[in-house]
>>> print(open('work_14.cif').read())   # mmCIF, C-alpha atoms
data_structure
loop_
_atom_site.label_atom_id
_atom_site.label_comp_id
_atom_site.auth_asym_id
_atom_site.auth_seq_id
_atom_site.Cartn_x
_atom_site.Cartn_y
_atom_site.Cartn_z
CA MET A 7 0.00 0.00 0.00
CA HIS A 8 2.93 2.36 0.71
CA THR A 9 3.42 3.97 -2.71
CA ARG A 10 4.96 7.27 -3.69
CA GLU A 11 2.31 7.77 -6.40
CA ARG A 12 -0.62 7.70 -3.96
CA ALA A 13 0.88 10.05 -1.37
CA ARG A 14 -0.88 13.37 -0.98
CA LEU A 15 -1.38 16.23 1.43
CA GLN A 16 -4.82 16.78 2.97
CA VAL A 17 -5.59 19.81 5.14
CA VAL A 18 -8.54 20.17 7.52
CA THR A 19 -8.77 23.70 8.88
CA GLY A 20 -11.00 26.40 10.30
CA PRO A 21 -11.48 28.23 13.61
CA MET A 22 -11.74 26.69 17.04
CA PHE A 23 -14.87 24.58 17.66
CA ALA A 24 -15.33 23.78 13.94
CA GLY A 25 -14.79 20.01 14.28
CA LYS A 26 -11.25 19.78 12.84
CA SER A 27 -10.06 17.09 15.26
CA GLU A 28 -13.28 15.10 14.77
CA GLU A 29 -12.77 15.15 10.99
CA LEU A 30 -9.11 14.16 11.40
CA LEU A 31 -10.11 11.24 13.64
CA ARG A 32 -12.82 10.21 11.15
CA ARG A 33 -10.20 10.05 8.38
CA VAL A 34 -7.81 8.10 10.63
CA ARG A 35 -10.57 5.60 11.48
CA ARG A 36 -11.41 5.11 7.78
CA ALA A 37 -7.74 4.61 6.86
CA ARG A 38 -7.35 1.99 9.58
CA ILE A 39 -10.52 0.19 8.45
CA ALA A 40 -8.97 0.12 4.96
CA GLY A 41 -5.94 -1.69 6.40
CA LEU A 42 -3.52 1.23 6.09
CA SER A 43 -0.65 1.80 8.50
CA VAL A 44 -1.47 5.07 10.29
CA GLU A 45 0.42 7.17 12.84
CA LEU A 46 -1.61 9.82 14.70
CA VAL A 47 0.45 12.73 16.05
CA ASN A 48 -0.28 15.64 18.37
CA HIS A 49 1.95 18.53 19.46
CA ALA A 50 3.40 18.30 22.97
CA LEU A 51 1.99 21.72 23.92
CA ASP A 52 -1.59 20.47 23.67
CA ASP A 53 -1.97 18.46 26.84
CA ARG A 54 -5.44 19.74 27.76
CA ARG A 55 -6.86 16.22 27.92
CA GLY A 56 -3.65 14.46 28.90
CA PRO A 57 -0.46 13.67 26.98
CA GLY A 58 -0.61 11.20 24.11
CA GLN A 59 -4.22 11.97 23.17
CA VAL A 60 -5.89 13.60 20.21
CA SER A 61 -9.28 14.69 21.42
CA SER A 62 -12.15 16.81 20.19
CA HIS A 63 -14.23 19.37 22.08
CA SER A 64 -17.11 16.90 21.86
CA GLY A 65 -15.15 14.40 23.99
CA LEU A 66 -13.89 11.95 21.35
CA SER A 67 -10.34 10.87 22.27
CA VAL A 68 -7.80 8.57 20.57
CA PRO A 69 -4.24 7.67 21.67
CA SER A 70 -1.51 9.44 19.71
CA ARG A 71 2.22 10.03 19.55
CA THR A 72 3.28 13.31 21.17
CA VAL A 73 5.93 15.33 19.31
CA GLY A 74 7.56 18.63 20.27
CA ASP A 75 8.70 20.03 16.93
CA ALA A 76 8.73 19.49 13.16
CA PRO A 77 12.27 18.01 12.85
CA THR A 78 11.46 15.42 15.54
CA LEU A 79 8.24 14.60 13.68
CA THR A 80 10.12 13.96 10.44
CA GLU A 81 12.74 11.86 12.21
CA ALA A 82 10.12 9.74 13.97
CA MET A 83 8.14 8.99 10.79
CA LEU A 84 10.77 8.40 8.09
CA GLY A 85 12.06 4.88 7.48
CA ARG A 86 8.85 3.24 8.65
CA GLU A 87 6.29 1.52 6.47
CA LEU A 88 3.61 4.14 7.08
CA ASP A 89 0.79 4.89 4.69
CA VAL A 90 -0.69 7.85 6.57
CA VAL A 91 0.57 10.37 9.12
CA ALA A 92 -2.24 12.41 10.71
CA ILE A 93 -1.20 15.58 12.56
CA ASP A 94 -3.52 17.43 14.94
CA GLU A 95 -2.98 20.99 16.25
CA ALA A 96 -0.61 21.57 13.33
CA GLN A 97 -0.38 25.32 14.02
CA PHE A 98 1.76 24.65 17.08
CA PHE A 99 4.54 23.20 14.90
CA GLY A 100 5.00 26.57 13.19
CA PRO A 101 6.42 27.19 9.69
CA PRO A 102 8.99 24.32 9.91
CA LEU A 103 6.04 21.92 9.53
CA VAL A 104 5.81 22.79 5.81
CA GLU A 105 9.21 21.24 5.08
CA ALA A 106 8.49 18.27 7.33
CA VAL A 107 5.21 17.54 5.54
CA GLU A 108 6.82 17.90 2.11
CA THR A 109 9.54 15.43 3.15
CA LEU A 110 6.98 12.88 4.33
CA VAL A 111 4.84 13.18 1.20
CA ALA A 112 7.97 12.85 -0.99
CA ASP A 113 8.72 9.64 0.93
CA GLY A 114 5.35 8.23 -0.16
CA ILE A 115 3.34 8.97 2.99
CA THR A 116 -0.06 10.65 2.80
CA VAL A 117 -0.17 13.42 5.39
CA ILE A 118 -3.42 14.70 6.89
CA VAL A 119 -2.98 17.96 8.78
CA ALA A 120 -5.60 19.55 11.03
CA GLY A 121 -5.21 22.95 12.61
CA LEU A 122 -6.18 26.59 12.89
CA CYS A 123 -5.73 28.76 9.81
CA VAL A 124 -6.52 32.01 11.64
CA THR A 125 -5.30 33.45 14.96
CA PHE A 126 -7.56 34.82 17.70
CA ASP A 127 -7.00 38.30 16.24
CA GLY A 128 -8.00 37.32 12.69
CA ARG A 129 -4.58 36.94 11.07
CA PRO A 130 -3.34 34.01 8.97
CA PHE A 131 -1.91 31.33 11.29
CA GLU A 132 1.09 29.71 9.65
CA PRO A 133 1.82 27.04 8.69
CA LEU A 134 -1.79 26.25 7.71
CA PRO A 135 -2.12 28.87 4.92
CA ALA A 136 1.11 27.60 3.31
CA LEU A 137 0.01 23.98 3.64
CA MET A 138 -3.40 24.81 2.16
CA ALA A 139 -1.67 26.31 -0.88
CA THR A 140 0.17 23.07 -1.71
CA ALA A 141 -2.42 20.49 -0.60
CA GLU A 142 -4.32 18.23 -2.97
CA ASP A 143 -7.34 18.35 -0.65
CA VAL A 144 -8.44 21.23 1.61
CA LEU A 145 -11.50 21.16 3.84
CA LYS A 146 -12.21 24.50 5.53
CA LEU A 147 -14.79 24.10 8.27
CA THR A 148 -16.80 26.73 10.14
CA ALA A 149 -18.05 26.74 13.70
CA VAL A 150 -21.27 28.27 15.07
CA CYS A 151 -21.12 31.89 16.21
CA ALA A 152 -21.59 32.07 19.99
CA VAL A 153 -23.48 35.36 19.60
CA CYS A 154 -25.95 34.81 16.74
CA GLY A 155 -25.66 31.19 15.56
CA ALA A 156 -24.36 32.03 12.06
CA ASP A 157 -21.39 30.28 10.44
CA ALA A 158 -18.25 31.32 12.30
CA ALA A 159 -14.91 31.52 10.50
CA PHE A 160 -13.13 33.10 13.49
CA HIS A 161 -12.51 32.46 17.16
CA GLN A 162 -12.19 35.24 19.70
CA ARG A 163 -10.19 35.32 22.91
CA LEU A 164 -12.51 36.08 25.84
CA ALA A 165 -10.03 37.79 28.17
CA PRO A 166 -8.19 40.48 26.16
CA GLY A 167 -5.56 41.08 28.84
CA GLU A 168 -4.24 37.50 28.91
CA VAL A 169 -0.59 37.07 27.99
CA ALA A 170 0.24 34.72 25.12
CA ASP A 171 2.15 31.50 25.77
CA ALA A 172 5.82 32.22 24.89
CA ARG A 173 6.34 28.58 23.81
CA LEU A 174 3.92 29.02 20.90
CA PRO A 175 4.95 30.29 17.45
CA SER A 176 2.24 32.98 17.60
CA PRO A 177 0.29 35.07 20.13
CA GLU A 178 -2.19 32.19 20.53
CA GLN A 179 -2.77 30.28 23.79
CA VAL A 180 -3.71 26.66 24.35
CA GLY A 181 -7.30 26.72 25.55
CA GLY A 182 -10.92 25.86 24.96
CA VAL A 183 -14.35 27.22 25.83
CA GLU A 184 -12.93 28.88 28.93
CA SER A 185 -10.69 31.10 26.77
CA TYR A 186 -12.29 31.38 23.30
CA GLN A 187 -15.60 31.70 21.47
CA ALA A 188 -16.43 31.02 17.83
CA ARG A 189 -17.53 34.19 16.03
CA CYS A 190 -18.99 35.13 12.66
CA ARG A 191 -17.45 38.06 10.80
CA ARG A 192 -20.14 40.42 12.10
CA HIS A 193 -19.44 39.64 15.77
CA PHE A 194 -15.70 39.16 15.53
CA THR A 195 -13.70 42.13 16.80
CA GLY A 196 -10.19 40.67 16.66
CA GLY A 197 -9.50 41.75 20.21
CA ALA A 198 -11.64 42.29 23.29
CA LEU A 199 -14.83 40.34 23.87
CA SER A 200 -17.82 41.78 22.04
CA THR A 201 -21.47 40.77 22.10
CA ARG A 202 -22.72 43.32 19.58
#
>>> encode(input="work_14.cif", output="structure tokens")
Amino acid sequence: MHTRERARLQVVTGPMFAGKSEELLRRVRRARIAGLSVELVNHALDDRRGPGQVSSHSGLSVPSRTVGDAPTLTEAMLGRELDVVAIDEAQFFGPPLVEAVETLVADGITVIVAGLCVTFDGRPFEPLPALMATAEDVLKLTAVCAVCGADAAFHQRLAPGEVADARLPSPEQVGGVESYQARCRRHFTGGALSTR
């Protein structure tokens, strides 16, 4: 099954609460049912539900390999007979993930990446925009606006004075419903909490 010709890059993206991890886990489950060799990976910074777990906000959780950076990811995956590498919380790997993914795909491994494509303040969140540009398959999901119920393409930080986590490659923080809300364009302010 491990063939260079079949390898491709798939990206699942959107704001927080859009179901990215659920879609990633659905694709992992399907690949395993098909008899493919799959490695599920999560970034070490995301330990909200315990280390070694990819989990969704809806409570779905699957054991995974925890990796701290893109070079370690590449090193851990190359030389194995893998068909698929599925990466959750891809934004935490930063721009070096682009080269890592390209290396894996060139080695004949299909890579499925899930992560945020926009920061809490509405800016592109690399490496997802770069990965989207070179992917064969991109699925951009929306969440539900916490204010009006419309499609939400953004997520807003609830406490504007919070300091960003210095370990992250952006001003984002690891968090969930206690720190962020999904917002439509109309209710997204890119900064302080708004309910207008």
>>> residues_near_point(input="work_14.cif", point="(-3.2, 17.1, 22.0)", cutoff="6 Å", atoms="only C-alpha atoms", output="number ranges by chain")
A: 48-49, 52-53, 59-60
>>> closest_residue(input="work_14.cif", among="A:Leu30, A:Val107, A:Ala188, A:Val18", to="A:Gly128", atoms="all atoms listed in the file")
A:Ala188
>>> residues_around(input="work_14.cif", residues="stretch 139-145 of chain A", least_positions_apart="6", cutoff="10 Å", atoms="all atoms listed in the file", output="MDAnalysis selection string")
chainID A and resid 13:20 26 29 104 108 117:120
>>> resolve_selection(input="work_14.cif", expression="the PyMOL selection byres ((chain A and resi 149) around 7)", output="number ranges by chain")
A: 21, 23-24, 147-148, 150-151, 157-159, 188
>>> closest_residue(input="work_14.cif", among="A:Cys154, A:Phe131, A:Gln97, A:Leu164", to="A:Arg192", atoms="only C-alpha atoms")
A:Cys154
>>> resolve_selection(input="work_14.cif", expression="the PyMOL selection byres ((chain A and resi 84) around 10)", output="short mmCIF file (atom, residue, chain, number, x, y, z; two decimals) with C-alpha atoms, in the frame of the given file")
data_model
loop_
_atom_site.label_atom_id
_atom_site.label_comp_id
_atom_site.auth_asym_id
_atom_site.auth_seq_id
_atom_site.Cartn_x
_atom_site.Cartn_y
_atom_site.Cartn_z
CA LEU A 79 8.24 14.60 13.68
CA THR A 80 10.12 13.96 10.44
CA GLU A 81 12.74 11.86 12.21
CA ALA A 82 10.12 9.74 13.97
CA MET A 83 8.14 8.99 10.79
CA GLY A 85 12.06 4.88 7.48
CA ARG A 86 8.85 3.24 8.65
CA GLU A 87 6.29 1.52 6.47
CA LEU A 88 3.61 4.14 7.08
CA THR A 109 9.54 15.43 3.15
CA LEU A 110 6.98 12.88 4.33
CA ASP A 113 8.72 9.64 0.93
CA GLY A 114 5.35 8.23 -0.16
CA ILE A 115 3.34 8.97 2.99
#
>>> atom_distance(input="work_14.cif", atom1="atom CA of A:Arg38", atom2="atom CA of A:Met138")
24.3 Å
>>> resolve_selection(input="work_14.cif", expression="the PyMOL selection byres ((chain A and resi 91) around 7)", output="number ranges by chain")
A: 44-46, 90, 92-93, 115-118
>>> residues_around(input="work_14.cif", residues="stretch 160-163 of chain A", least_positions_apart="4", cutoff="8 Å", atoms="only C-alpha atoms", output="list in words")
Gly20, Pro21, Met22, Val124, Thr125, Phe126, Asp127, Gly128, Ser185, Tyr186, Gln187, Ala188, Arg189, Cys190, Arg191, Phe194, Thr195, Gly196, Gly197, Ala198 and Leu199 of chain A
>>> atom_distance(input="work_14.cif", atom1="atom CA of A:Pro102", atom2="atom CA of A:Pro57")
22.2 Å
>>> closest_residue(input="work_14.cif", among="A:Ala136, A:Val47, A:Ala152, A:Ala106", to="A:Thr72", atoms="all atoms listed in the file")
A:Val47
>>> atom_distance(input="work_14.cif", atom1="atom CA of A:Phe98", atom2="atom CA of A:Arg12")
27.1 Å
>>> closest_residue(input="work_14.cif", among="A:Glu11, A:Ala165, A:Asp94, A:Ala76", to="A:Val34", atoms="only C-alpha atoms")
A:Asp94
>>> build_atoms(input="work_14.cif", residues="stretch 99-129 of chain A", atoms="N, CA and C atoms", output="short mmCIF file (atom, residue, chain, number, x, y, z; two decimals), in the frame of the given file")
data_model
loop_
_atom_site.label_atom_id
_atom_site.label_comp_id
_atom_site.auth_asym_id
_atom_site.auth_seq_id
_atom_site.Cartn_x
_atom_site.Cartn_y
_atom_site.Cartn_z
N PHE A 99 3.24 23.57 15.46
CA PHE A 99 4.54 23.20 14.90
C PHE A 99 5.21 24.36 14.19
N GLY A 100 4.45 25.40 13.85
CA GLY A 100 5.00 26.57 13.19
C GLY A 100 5.42 26.31 11.75
N PRO A 101 6.02 27.31 11.10
CA PRO A 101 6.42 27.19 9.69
C PRO A 101 7.32 26.00 9.36
N PRO A 102 8.18 25.49 10.27
CA PRO A 102 8.99 24.32 9.91
C PRO A 102 8.16 23.08 9.54
N LEU A 103 6.88 23.06 9.88
CA LEU A 103 6.04 21.92 9.53
C LEU A 103 5.90 21.77 8.03
N VAL A 104 5.97 22.86 7.28
CA VAL A 104 5.81 22.79 5.81
C VAL A 104 6.87 21.88 5.22
N GLU A 105 8.13 22.09 5.59
CA GLU A 105 9.21 21.24 5.08
C GLU A 105 9.06 19.80 5.55
N ALA A 106 8.68 19.62 6.80
CA ALA A 106 8.49 18.27 7.33
C ALA A 106 7.42 17.52 6.55
N VAL A 107 6.31 18.17 6.29
CA VAL A 107 5.21 17.54 5.54
C VAL A 107 5.67 17.22 4.12
N GLU A 108 6.35 18.14 3.48
CA GLU A 108 6.82 17.90 2.11
C GLU A 108 7.77 16.71 2.06
N THR A 109 8.62 16.57 3.07
CA THR A 109 9.54 15.43 3.15
C THR A 109 8.78 14.12 3.28
N LEU A 110 7.76 14.10 4.13
CA LEU A 110 6.98 12.88 4.33
C LEU A 110 6.21 12.49 3.07
N VAL A 111 5.59 13.47 2.41
CA VAL A 111 4.84 13.18 1.20
C VAL A 111 5.80 12.69 0.10
N ALA A 112 6.97 13.30 0.00
CA ALA A 112 7.97 12.85 -0.99
C ALA A 112 8.43 11.43 -0.71
N ASP A 113 8.33 11.00 0.55
CA ASP A 113 8.72 9.64 0.93
C ASP A 113 7.58 8.64 0.69
N GLY A 114 6.45 9.13 0.15
CA GLY A 114 5.35 8.23 -0.16
C GLY A 114 4.29 8.11 0.91
N ILE A 115 4.30 9.01 1.89
CA ILE A 115 3.34 8.97 2.99
C ILE A 115 2.27 10.05 2.77
N THR A 116 1.01 9.65 2.82
CA THR A 116 -0.06 10.65 2.80
C THR A 116 -0.08 11.33 4.16
N VAL A 117 -0.15 12.64 4.15
CA VAL A 117 -0.17 13.42 5.39
C VAL A 117 -1.50 14.15 5.47
N ILE A 118 -2.17 13.97 6.60
CA ILE A 118 -3.42 14.70 6.89
C ILE A 118 -3.12 15.64 8.04
N VAL A 119 -3.31 16.93 7.80
CA VAL A 119 -2.98 17.96 8.78
C VAL A 119 -4.27 18.65 9.21
N ALA A 120 -4.46 18.80 10.52
CA ALA A 120 -5.60 19.55 11.03
C ALA A 120 -5.10 20.65 11.95
N GLY A 121 -5.63 21.85 11.75
CA GLY A 121 -5.21 22.95 12.61
C GLY A 121 -5.89 24.26 12.26
N LEU A 122 -5.61 25.26 13.07
CA LEU A 122 -6.18 26.59 12.89
C LEU A 122 -5.50 27.32 11.74
N CYS A 123 -6.30 27.97 10.90
CA CYS A 123 -5.73 28.76 9.81
C CYS A 123 -5.78 30.25 10.12
N VAL A 124 -6.40 30.61 11.26
CA VAL A 124 -6.52 32.01 11.64
C VAL A 124 -6.26 32.13 13.14
N THR A 125 -5.58 33.21 13.55
CA THR A 125 -5.30 33.45 14.96
C THR A 125 -6.51 34.08 15.63
N PHE A 126 -6.44 34.22 16.95
CA PHE A 126 -7.56 34.82 17.70
C PHE A 126 -7.82 36.26 17.28
N ASP A 127 -6.81 36.92 16.67
CA ASP A 127 -7.00 38.30 16.24
C ASP A 127 -7.22 38.42 14.73
N GLY A 128 -7.58 37.29 14.07
CA GLY A 128 -8.00 37.32 12.69
C GLY A 128 -6.90 37.33 11.65
N ARG A 129 -5.69 36.97 12.03
CA ARG A 129 -4.58 36.94 11.07
C ARG A 129 -4.32 35.51 10.61
#
